[in-house]
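Peer 1: This is query17.csv (CSV, C-alpha atoms).
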chain,number,residue,atom,x,y,z
A,1,ALA,CA,0.0,0.0,0.0
A,2,ILE,CA,2.8,2.3,0.9
A,3,LYS,CA,4.6,1.7,-2.5
A,4,LYS,CA,1.4,2.3,-4.4
A,5,ASN,CA,0.9,5.6,-2.6
A,6,ILE,CA,4.5,6.6,-3.4
A,7,ILE,CA,4.0,5.8,-7.1
A,8,LYS,CA,0.6,7.6,-7.2
A,9,ASN,CA,2.0,10.7,-5.4
A,10,TYR,CA,5.2,11.1,-7.4
A,11,ALA,CA,4.2,9.7,-10.8
A,12,PRO,CA,3.0,13.2,-12.1
A,13,TYR,CA,6.5,14.7,-11.4
A,14,PHE,CA,8.3,12.0,-13.4
A,15,ILE,CA,5.7,12.4,-16.2
A,16,VAL,CA,6.4,16.1,-16.5
A,17,VAL,CA,10.1,15.4,-16.6
A,18,PHE,CA,9.9,12.8,-19.3
A,19,VAL,CA,7.5,15.1,-21.4
A,20,TYR,CA,10.0,18.0,-21.0
A,21,ILE,CA,12.9,15.8,-22.1
A,22,ALA,CA,11.0,14.4,-25.1
A,23,VAL,CA,9.9,17.9,-26.2
A,24,ARG,CA,13.5,19.2,-25.8
A,25,ILE,CA,15.0,16.4,-27.9
A,26,ILE,CA,12.3,16.9,-30.6
A,27,VAL,CA,13.0,20.7,-30.8
A,28,VAL,CA,16.8,21.0,-30.3
A,29,GLY,CA,18.0,17.4,-30.7
A,30,PHE,CA,20.0,15.3,-28.3
A,31,ARG,CA,22.8,17.8,-27.6
A,32,GLY,CA,23.9,20.4,-25.2
A,33,ARG,CA,24.6,24.1,-25.6
A,34,VAL,CA,27.7,23.3,-27.6
A,35,GLU,CA,28.3,20.3,-29.9
A,36,GLU,CA,31.7,19.2,-28.6
A,37,TYR,CA,32.8,18.1,-25.2
A,38,LEU,CA,35.2,20.6,-23.5
A,39,ALA,CA,37.9,18.0,-22.8
A,40,GLY,CA,37.7,16.5,-26.2
A,41,ASN,CA,35.4,13.5,-25.4
A,42,PHE,CA,32.8,12.4,-22.9
A,43,PHE,CA,35.2,10.3,-20.8
A,44,LEU,CA,37.8,13.0,-20.2
A,45,THR,CA,35.1,15.6,-19.6
A,46,MET,CA,33.6,13.4,-16.9
A,47,LEU,CA,37.0,13.0,-15.3
A,48,THR,CA,37.3,16.8,-15.3
A,49,MET,CA,33.9,17.2,-13.7
A,50,LEU,CA,35.2,15.2,-10.7
A,51,LYS,CA,37.6,18.1,-10.1
A,52,ALA,CA,34.8,20.6,-10.7
A,53,TYR,CA,32.6,18.9,-8.1
A,54,VAL,CA,35.3,19.1,-5.5
A,55,TYR,CA,35.9,22.7,-6.3
A,56,TYR,CA,32.2,23.3,-5.9
A,57,ILE,CA,32.4,21.9,-2.4
A,58,TYR,CA,35.5,24.0,-1.6
A,59,GLN,CA,33.6,27.1,-2.7
A,60,LEU,CA,30.7,26.4,-0.4
A,61,PHE,CA,33.1,26.3,2.5
A,62,VAL,CA,35.3,29.2,1.2
A,63,PRO,CA,33.2,31.6,-0.9
A,64,ILE,CA,35.9,34.1,-1.7
A,65,ASN,CA,37.3,35.4,-5.0
A,66,LEU,CA,34.1,34.7,-6.7
A,67,THR,CA,34.1,35.1,-10.5
A,68,LEU,CA,31.7,34.7,-13.4
A,69,PHE,CA,34.0,32.3,-15.2
A,70,ARG,CA,36.0,29.7,-13.5
A,71,ASP,CA,38.8,27.9,-15.4
A,72,ILE,CA,39.5,24.3,-14.8
A,73,ARG,CA,42.3,22.5,-16.7
A,74,PRO,CA,40.8,19.5,-18.6
A,75,ALA,CA,41.8,16.1,-17.4
A,76,THR,CA,44.1,14.1,-19.7
A,77,SER,CA,43.8,10.6,-18.1
A,78,LEU,CA,42.3,8.7,-15.2
A,79,PHE,CA,45.7,8.7,-13.5
A,80,ASP,CA,45.8,12.5,-13.3
A,81,LEU,CA,46.7,13.1,-9.6
A,82,LYS,CA,44.0,15.7,-9.1
A,83,VAL,CA,41.4,13.4,-10.7
A,84,LEU,CA,42.4,10.6,-8.4
A,85,ILE,CA,42.3,12.8,-5.3
A,86,SER,CA,38.9,14.2,-6.4
A,87,LEU,CA,37.5,10.7,-7.0
A,88,LEU,CA,38.7,9.7,-3.5
A,89,ILE,CA,37.1,12.7,-1.8
A,90,LEU,CA,33.7,12.3,-3.6
A,91,ALA,CA,33.6,8.6,-3.1
A,92,SER,CA,34.3,9.1,0.6
A,93,ILE,CA,31.5,11.6,1.0
A,94,ILE,CA,29.0,9.4,-0.8
A,95,ALA,CA,30.1,6.3,1.2
A,96,PHE,CA,29.8,8.2,4.5
A,97,ALA,CA,26.3,9.4,3.6
A,98,ILE,CA,25.2,5.8,2.6
A,99,LYS,CA,26.7,4.4,5.8
A,100,ASN,CA,24.8,7.0,7.9
A,101,ARG,CA,21.6,6.8,5.8
A,102,LYS,CA,19.5,6.6,8.9
A,103,ASN,CA,20.5,10.2,9.5
A,104,ALA,CA,17.8,11.7,7.2
A,105,VAL,CA,19.3,15.2,7.1
A,106,LEU,CA,22.8,14.1,6.3
A,107,PHE,CA,21.6,11.6,3.6
A,108,PHE,CA,19.2,14.1,2.0
A,109,SER,CA,21.8,16.9,2.0
A,110,VAL,CA,24.6,15.0,0.4
A,111,PHE,CA,22.4,13.5,-2.4
A,112,TRP,CA,20.5,16.8,-2.9
A,113,PHE,CA,23.8,18.4,-3.6
A,114,PHE,CA,24.9,15.8,-6.2
A,115,ILE,CA,21.6,15.3,-7.8
A,116,THR,CA,20.9,19.0,-8.4
A,117,LEU,CA,24.3,19.4,-10.0
A,118,ILE,CA,23.6,16.7,-12.6
A,119,PRO,CA,22.0,19.1,-15.2
A,120,PHE,CA,25.3,21.1,-15.1
A,121,SER,CA,27.7,18.1,-15.2
A,122,ASN,CA,28.4,18.2,-18.9
A,123,LEU,CA,26.5,14.9,-19.6
A,124,LEU,CA,25.3,17.0,-22.5
A,125,PRO,CA,28.1,19.4,-23.4
A,126,LEU,CA,28.0,22.9,-22.0
A,127,GLN,CA,30.1,26.0,-22.6
A,128,VAL,CA,31.9,25.7,-19.3
A,129,PHE,CA,33.1,23.0,-16.9
A,130,MET,CA,31.7,24.9,-13.9
A,131,ALA,CA,30.1,28.2,-12.9
A,132,GLU,CA,29.4,29.4,-9.5
A,133,ARG,CA,25.8,30.3,-10.4
A,134,TYR,CA,25.2,26.5,-10.8
A,135,LEU,CA,25.5,26.2,-7.0
A,136,TYR,CA,22.3,28.2,-6.3
A,137,VAL,CA,20.1,25.1,-5.8
A,138,PRO,CA,22.8,22.7,-4.5
A,139,SER,CA,23.8,25.2,-1.8
A,140,VAL,CA,20.4,24.5,-0.1
A,141,ALA,CA,21.9,21.2,1.0
A,142,PHE,CA,25.0,22.9,2.4
A,143,SER,CA,22.9,25.5,4.3
A,144,LEU,CA,20.7,22.7,5.8
A,145,LEU,CA,23.8,20.6,6.8
A,146,VAL,CA,25.6,23.5,8.4
A,147,SER,CA,22.4,24.5,10.4
A,148,TYR,CA,21.9,20.9,11.4
A,149,ALA,CA,25.5,20.6,12.6
A,150,LEU,CA,25.4,23.8,14.6
A,151,ILE,CA,22.2,22.7,16.3
A,152,ARG,CA,23.7,19.3,17.2
A,153,ILE,CA,26.8,21.0,18.6
A,154,PHE,CA,24.7,23.5,20.6
A,155,ASN,CA,22.7,20.6,22.1
A,156,ILE,CA,25.6,18.5,23.2
A,157,ASN,CA,25.1,17.5,26.8
A,158,PHE,CA,28.1,17.8,29.2
A,159,LYS,CA,28.1,16.8,32.8
A,160,ASN,CA,30.2,19.8,33.5
A,161,ASN,CA,27.9,22.9,33.1
A,162,ASN,CA,30.9,25.1,32.4
A,163,TYR,CA,31.8,23.0,29.3
A,164,LYS,CA,28.2,23.1,28.2
A,165,LYS,CA,28.1,26.9,28.6
A,166,ILE,CA,31.3,27.4,26.7
A,167,ILE,CA,30.1,25.2,23.8
A,168,ARG,CA,26.8,26.9,23.6
A,169,ASN,CA,28.2,30.4,23.7
A,170,GLY,CA,30.9,29.4,21.2
A,171,THR,CA,28.3,28.1,18.8
A,172,ILE,CA,26.2,31.3,19.1
A,173,ILE,CA,29.3,33.4,18.5
A,174,PHE,CA,30.4,31.3,15.5
A,175,THR,CA,26.9,31.4,14.0
A,176,ILE,CA,26.7,35.2,14.3
A,177,ALA,CA,30.2,35.5,12.8
A,178,LEU,CA,29.3,33.2,9.9
A,179,LEU,CA,26.1,35.0,9.1
A,180,THR,CA,27.9,38.4,9.3
A,181,PHE,CA,30.5,37.1,6.8
A,182,TYR,CA,27.8,35.9,4.4
A,183,VAL,CA,25.8,39.1,4.6
A,184,PHE,CA,28.8,41.3,3.9
A,185,SER,CA,30.1,39.0,1.2
A,186,THR,CA,26.7,39.1,-0.5
A,187,ILE,CA,26.6,42.9,-0.3
A,188,SER,CA,30.2,43.1,-1.7
A,189,ARG,CA,29.4,40.6,-4.5
A,190,ASN,CA,26.2,42.4,-5.5
A,191,SER,CA,28.2,45.6,-6.0
A,192,ASP,CA,30.2,43.7,-8.7
A,193,TRP,CA,27.0,43.5,-10.7
A,194,LYS,CA,26.4,47.3,-10.7
A,195,ASP,CA,27.0,47.5,-14.4
A,196,ASN,CA,28.7,45.6,-17.3
A,197,LEU,CA,32.0,47.4,-16.9
A,198,THR,CA,32.3,46.7,-13.2
A,199,LEU,CA,31.2,43.1,-13.7
A,200,TRP,CA,33.6,42.2,-16.5
A,201,GLY,CA,36.4,44.3,-14.9
A,202,LYS,CA,36.0,42.3,-11.7
A,203,THR,CA,35.8,39.0,-13.7
A,204,VAL,CA,39.1,39.8,-15.4
A,205,ALA,CA,40.7,40.7,-12.1
A,206,THR,CA,39.7,37.5,-10.4
A,207,ASN,CA,40.3,35.3,-13.5
A,208,PRO,CA,42.9,37.0,-15.8
A,209,SER,CA,43.6,33.9,-17.9
A,210,ASN,CA,40.0,33.6,-19.2
A,211,SER,CA,39.6,34.5,-22.8
A,212,ARG,CA,35.9,35.0,-22.7
A,213,ALA,CA,36.2,37.4,-19.8
A,214,HIS,CA,38.6,39.6,-21.7
A,215,ASP,CA,36.4,39.4,-24.8
A,216,ASN,CA,33.4,40.6,-22.9
A,217,LEU,CA,35.3,43.4,-21.2
A,218,GLY,CA,36.5,44.5,-24.6
A,219,PHE,CA,33.0,44.4,-26.0
A,220,THR,CA,31.9,46.6,-23.0
A,221,TYR,CA,34.7,49.1,-23.5
A,222,ASP,CA,33.7,49.3,-27.2
A,223,HIS,CA,30.1,50.1,-26.4
A,224,ALA,CA,31.4,52.8,-23.9
A,225,GLY,CA,33.4,54.4,-26.7
A,226,GLU,CA,36.8,53.4,-25.4
A,227,ALA,CA,38.1,51.8,-28.6
A,228,GLU,CA,41.8,51.5,-27.6
A,229,LYS,CA,41.0,49.6,-24.4
A,230,ALA,CA,38.6,47.4,-26.3
A,231,LEU,CA,41.3,46.6,-28.9
A,232,GLN,CA,43.7,45.7,-26.1
A,233,GLU,CA,41.2,43.3,-24.4
A,234,PHE,CA,40.4,41.6,-27.7
A,235,GLU,CA,44.1,41.0,-28.4
A,236,ILE,CA,44.6,39.5,-24.9
A,237,ALA,CA,41.5,37.3,-25.5
A,238,ILE,CA,43.0,35.9,-28.7
A,239,LYS,CA,46.5,35.5,-27.1
A,240,LEU,CA,44.9,33.4,-24.4
A,241,GLN,CA,42.6,31.4,-26.7
A,242,PRO,CA,43.6,31.6,-30.4
A,243,ASP,CA,40.4,29.7,-31.5
A,244,ASN,CA,38.0,32.1,-29.7
A,245,PHE,CA,36.0,32.9,-32.9
A,246,ARG,CA,33.8,35.5,-31.2
A,247,ALA,CA,36.8,37.4,-29.9
A,248,LEU,CA,38.4,37.2,-33.4
A,249,THR,CA,35.3,38.8,-34.9
A,250,ASN,CA,35.3,41.6,-32.3
A,251,LEU,CA,39.1,42.1,-32.9
A,252,GLY,CA,38.4,42.3,-36.7
A,253,VAL,CA,35.8,45.0,-36.1
A,254,ALA,CA,38.1,46.9,-33.7
A,255,TYR,CA,41.0,46.8,-36.2
A,256,ALA,CA,38.7,48.4,-38.9
A,257,LYS,CA,37.8,51.3,-36.5
A,258,PHE,CA,41.5,52.2,-36.5
A,259,GLY,CA,41.9,51.8,-40.3
A,260,PHE,CA,43.9,48.5,-40.0
A,261,TYR,CA,41.8,46.9,-42.8
A,262,ASN,CA,44.3,44.1,-43.7
A,263,LYS,CA,44.4,43.0,-40.1
A,264,SER,CA,40.6,43.3,-39.9
A,265,VAL,CA,40.0,41.1,-42.9
A,266,ALA,CA,42.6,38.5,-41.7
A,267,ALA,CA,41.0,38.3,-38.2
A,268,LEU,CA,37.4,38.0,-39.6
A,269,LYS,CA,38.5,35.3,-42.1
A,270,LYS,CA,40.2,33.3,-39.4
A,271,SER,CA,37.1,33.6,-37.2
A,272,ILE,CA,35.0,32.2,-40.1
A,273,GLU,CA,37.5,29.3,-40.6
A,274,ILE,CA,36.9,28.3,-37.0
A,275,ARG,CA,33.1,28.8,-37.0
A,276,GLY,CA,31.0,30.0,-39.9
A,277,TYR,CA,29.0,32.4,-37.8
A,278,TYR,CA,26.5,34.5,-39.8
A,279,LYS,CA,27.3,37.7,-37.9
A,280,THR,CA,31.0,37.4,-38.8
A,281,TYR,CA,30.2,37.1,-42.5
A,282,ASP,CA,28.1,40.2,-42.1
A,283,LYS,CA,31.0,42.1,-40.5
A,284,LEU,CA,33.4,41.0,-43.2
A,285,GLY,CA,31.0,42.1,-45.9
A,286,LEU,CA,30.7,45.6,-44.3
A,287,ILE,CA,34.5,45.9,-44.1
A,288,TYR,CA,34.8,44.9,-47.8
A,289,ASP,CA,32.2,47.5,-48.6
A,290,GLU,CA,34.1,50.1,-46.7
A,291,ILE,CA,37.3,49.5,-48.7
A,292,ASN,CA,35.4,49.5,-52.0
A,293,MET,CA,35.6,45.7,-52.6
A,294,GLU,CA,31.9,45.5,-53.7
A,295,ASN,CA,32.0,42.1,-55.3
A,296,GLU,CA,33.6,40.5,-52.2
A,297,ALA,CA,31.1,42.4,-50.0
A,298,ILE,CA,28.1,41.1,-52.0
A,299,GLU,CA,29.5,37.6,-51.7
Translate this file's structure into structure tokens.
Peer 2:
Amino acid sequence: AIKKNIIKNYAPYFIVVFVYIAVRIIVVGFRGRVEEYLAGNFFLTMLTMLKAYVYYIYQLFVPINLTLFRDIRPATSLFDLKVLISLLILASIIAFAIKNRKNAVLFFSVFWFFITLIPFSNLLPLQVFMAERYLYVPSVAFSLLVSYALIRIFNINFKNNNYKKIIRNGTIIFTIALLTFYVFSTISRNSDWKDNLTLWGKTVATNPSNSRAHDNLGFTYDHAGEAEKALQEFEIAIKLQPDNFRALTNLGVAYAKFGFYNKSVAALKKSIEIRGYYKTYDKLGLIYDEINMENEAIE
């Protein structure tokens, strides 16, 4: 009877999920936001995600130096030391949760964290290995677990009342300090989102080796009328990632603004070789038109 009730109560949720998956496959096909896995293939991408999961856990405990883009070096084999350490850490956490499955809060929290990260695990290829915004829902588990742990510590019974008083006061002080840290960290991080220039400037500062961050900062400078700074950022983006076709397109347009038409055409052609993006063809056509190459522009 209990099993029948469970099936009856939860069946609608699974039906909705399966309908959504079916519709999505029909509309966009069985693929992710990009067509290729970031590490080159599915296996290496999954190994890289082991490192990403551990870094997610680290960020929950140490939420500092937050950034819009987080770089992770792709795994090259199963015997990569960081992959093996990550596998050991994750396996230990899951094994501990299963061993203590009678503790409902612990068991729920651990598996809530892992299950809610599944859509962002690159099973279908995404544009990034990890992003801090993907922790919004999984962090519910962390908050629950920390609260549960603090309550358990607060309620520890000691025969010695002095010890009991010290533990309780210490727990209260720690909780206040933790909440204060989170409040001010949130206020500080919110200020990073004041405008595009502030956001991308902060992203480049915290993650200077990310090509996309420099490309977006350059695009923001360009819209602000600061062409020289925009050109510098696009050049840095290409130096960091030579196959960044969007940055190459932006670089080509930036070169044209300074009259460097040969460089402009070369950058746009290289971008098209990497990815035949329709906007890049349009930009190249406009450049050809500007230098009176009408036939090439029409083509």
Peer 1: Which residue is closest to Ala256 of chain A? Choose from A:Leu286, A:Ile272, A:Leu106, A:Ala39 and count only C-alpha atoms.
Peer 2: A:Leu286
Peer 1: Could you give me, as CSV, a per-residue list for segment 21-102 of chain A showing, wherever an atom lies at most 10 Å from an atom of segment 197-205 of chain A, the closest pair of atoms and their distance in Å to one decimal, using all atoms listed in the file and sorting by chain then residue number from low to high?
Peer 2:
residue,atom,partner,partner_atom,distance
A:Asn65,CA,A:Ala205,CA,9.5
A:Leu66,CA,A:Thr203,CA,8.4
A:Thr67,CA,A:Thr203,CA,5.3
A:Leu68,CA,A:Thr203,CA,5.9
A:Phe69,CA,A:Thr203,CA,7.1
A:Arg70,CA,A:Thr203,CA,9.3
Peer 1: Mind writing the picked residues with C-alpha atoms as a PDB file, in the frame of the given file?
Peer 2:
ATOM      1  CA  ASN A  65      37.300  35.400  -5.000  1.00  0.00           C
ATOM      2  CA  LEU A  66      34.100  34.700  -6.700  1.00  0.00           C
ATOM      3  CA  THR A  67      34.100  35.100 -10.500  1.00  0.00           C
ATOM      4  CA  LEU A  68      31.700  34.700 -13.400  1.00  0.00           C
ATOM      5  CA  PHE A  69      34.000  32.300 -15.200  1.00  0.00           C
ATOM      6  CA  ARG A  70      36.000  29.700 -13.500  1.00  0.00           C
TER       7      ARG A  70
END
Peer 1: Which of these, A:Asp195, A:Asp289, A:Asp222, A:Asp243, has the shortest distance to Lys270 of chain A once you count all atoms listed in the file?
Peer 2: A:Asp243
Peer 1: Using only C-alpha atoms, find the one residue out of A:Ala141, A:Ile167, A:Ala297, A:Ala230 that sits nearest to Leu60 of chain A.
Peer 2: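 Smallest distance to Leu60 of chain A is found for A:Ala141.
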Peer 1: Which polymer residues, whether protein, DNA or RNA, lie within 12 Å of the coordinate (28.0, 28.0, -9.6) when you count all atoms listed in the file? List them as a VMD selection string, using the chain letters and numbers from the file.
Peer 2: chain A and resid 52 to 53 55 to 60 63 66 to 70 116 to 117 120 to 121 128 to 139
Peer 1: List the spatial neighbours of Leu144 of chain A as a PyMOL selection string - criterion: any atom at most 12 Å away, all atoms listed in the file, same-chain residues fewer than 3 positions off excluded.
Peer 2: chain A and resi 104-110+112-113+137-141+147-151
